Amino acid sequence: MDRVGASFGFWAFQYRRTWRGTVVSSVLTPVLFLAAMGIGLGTLVDDGGRLDGAYLLFLAPGLLAATAMQTAGFESMYPVMGAIKWVRTYHAMLATPLGVSDILLGHLLWVVFRVTSSAAIYLAVIALFGAVASPMALLALPAATLCGMAYAAPIFAFSSGYEKPSGFAALERFVIVPMFLFSGTFFPVSQLPDVLQPVAYATPLWHGVELCRALVAGTQTLADALLHIGYLSLWIVAGVTAAMFFFRRRLESTG
């Protein structure tokens, strides 16, 4: 664990130079998004919509999970490829007593920190907007982190095995953005065409959105929570396993 901590410490040290900008954006983004979508558009939805309760209460926890996904994706793309291909940070770490697994797990632990800190700020903003209906909302923080890591681990594997940054644009356009729009964040998946609903239900984001939404509303049942947690955990385990394989192979081939 000391070696994993050393790997984590490197990324934390690097973050000291940029943390102010990320904190500002982490606060402004949810404020602007909730003000525009939750209050502005939400007024129109509340007048003619078919949701139970205000649209803001529906939207806010969904955005919490979606933000965790986006943060995890950002932290798992270019920083990973850059550390392998351009800056060769990982190779420098291998010159120390750190092993491949130490380097990978330390970086993943750093992503956990970034996702959790961003989600915590988002949750605080949601509370200020009055979109929290239960003390169970505190559990939405680890739920959002779990959702984010269900994306971070597989994207780590992709970033470790792919050699061209152009793949990230395709990943964002055809995976991240469609999931953000159609996995239940802005409207119930049941409103999608029948042929698309099973696809949406299979995405980790839908499970994260449903988990966060029920926790914030205080309606979460144990059975549903275990289902969502188990599904997200499967993605994390599979992603870490794949990431370890591609990570090790890539470092050995470029070392």
# chains A, B, ... in the order shown; residues from 1 in each chain; ligands from 1

$ residues_around --residues "Trp235 in chain A" --least-positions-apart "3" --cutoff "10 Å" --atoms "only C-alpha atoms" --output "compact mmCIF listing (two decimals) with C-alpha atoms, in the first residue's frame"
# COMPACT_ATOMS: atom_id res chain seq x y z
CA LEU A 146 -18.93 4.11 -7.86
CA CYS A 147 -20.65 5.20 -11.06
CA MET A 149 -15.19 4.41 -11.51
CA ALA A 150 -17.39 2.06 -13.54
CA TYR A 151 -16.30 4.26 -16.44
CA ALA A 152 -12.78 5.15 -15.32
CA ALA A 153 -11.55 1.55 -15.15
CA PRO A 154 -12.63 0.51 -18.68
CA THR A 203 -25.36 1.36 -19.31
CA PRO A 204 -23.53 1.92 -16.02
CA GLY A 230 -23.38 -5.06 -7.94
CA TYR A 231 -23.71 -4.07 -11.59
CA LEU A 232 -21.40 -1.07 -11.23
CA ALA A 238 -13.71 -6.06 -15.40
CA GLY A 239 -12.23 -2.66 -16.22
CA VAL A 240 -9.39 -2.92 -13.72
CA THR A 241 -8.57 -6.43 -14.95

$ closest_atom_pairs --of "range 56-112 of chain A" --to "range 187-194 of chain A" --cutoff "10 Å" --atoms "only C-alpha atoms" --output "JSON lines"
{"residue": "A:Phe58", "atom": "CA", "partner": "A:Phe187", "partner_atom": "CA", "distance": 8.2}
{"residue": "A:Leu59", "atom": "CA", "partner": "A:Phe187", "partner_atom": "CA", "distance": 8.0}
{"residue": "A:Gly62", "atom": "CA", "partner": "A:Phe187", "partner_atom": "CA", "distance": 9.3}

$ atom_distance --atom1 "CA of Ser233 in chain A" --atom2 "CA of Gly208 in chain A"
11.0 Å

$ residues_around --residues "range 130-139 of chain A" --least-positions-apart "6" --cutoff "9 Å" --atoms "only C-alpha atoms" --output "list in words"
Leu56, Leu57, Phe58, Leu59, Ala60, Pro61, Leu123, Cys212, Arg213, Ala214, Leu215, Val216, Ala217, Gly218, Thr219 and Gln220 of chain A

$ write_last_selection --atoms "C-alpha atoms" --output "compact mmCIF listing (two decimals), in the first residue's frame"
# COMPACT_ATOMS: atom_id res chain seq x y z
CA LEU A 56 -35.26 20.02 -10.56
CA LEU A 57 -35.64 17.15 -8.08
CA PHE A 58 -35.53 14.71 -10.99
CA LEU A 59 -32.64 16.36 -12.82
CA ALA A 60 -30.20 17.22 -10.02
CA PRO A 61 -29.29 13.70 -8.81
CA LEU A 123 -23.92 17.46 -4.08
CA CYS A 212 -28.30 8.58 -6.83
CA ARG A 213 -31.84 9.68 -7.62
CA ALA A 214 -33.45 7.25 -5.16
CA LEU A 215 -30.92 8.11 -2.44
CA VAL A 216 -31.44 11.86 -2.83
CA ALA A 217 -35.20 11.36 -2.76
CA GLY A 218 -35.01 8.96 0.19
CA THR A 219 -36.87 6.20 -1.67
CA GLN A 220 -34.01 3.73 -2.17

$ select_by_dssp --residues "range 118-238 of chain A" --states "helix (DSSP H, G or I)" --output "count of residues only"
95

$ atom_distance --atom1 "CA of Thr254 in chain A" --atom2 "CA of Leu108 in chain A"
20.9 Å

$ residues_around --residues "Val125 in chain A" --least-positions-apart "3" --cutoff "10 Å" --atoms "only C-alpha atoms" --output "list in words"
Ser26, Val27, Leu28, Thr29, Pro30, Val31, Leu34, Ala60, Ala119, Ala120, Ile121, Tyr122, Leu128, Phe129, Gly130, Ala131 and Val132 of chain A

$ atom_distance --atom1 "CA of Phe246 in chain A" --atom2 "CA of Ala157 in chain A"
6.0 Å
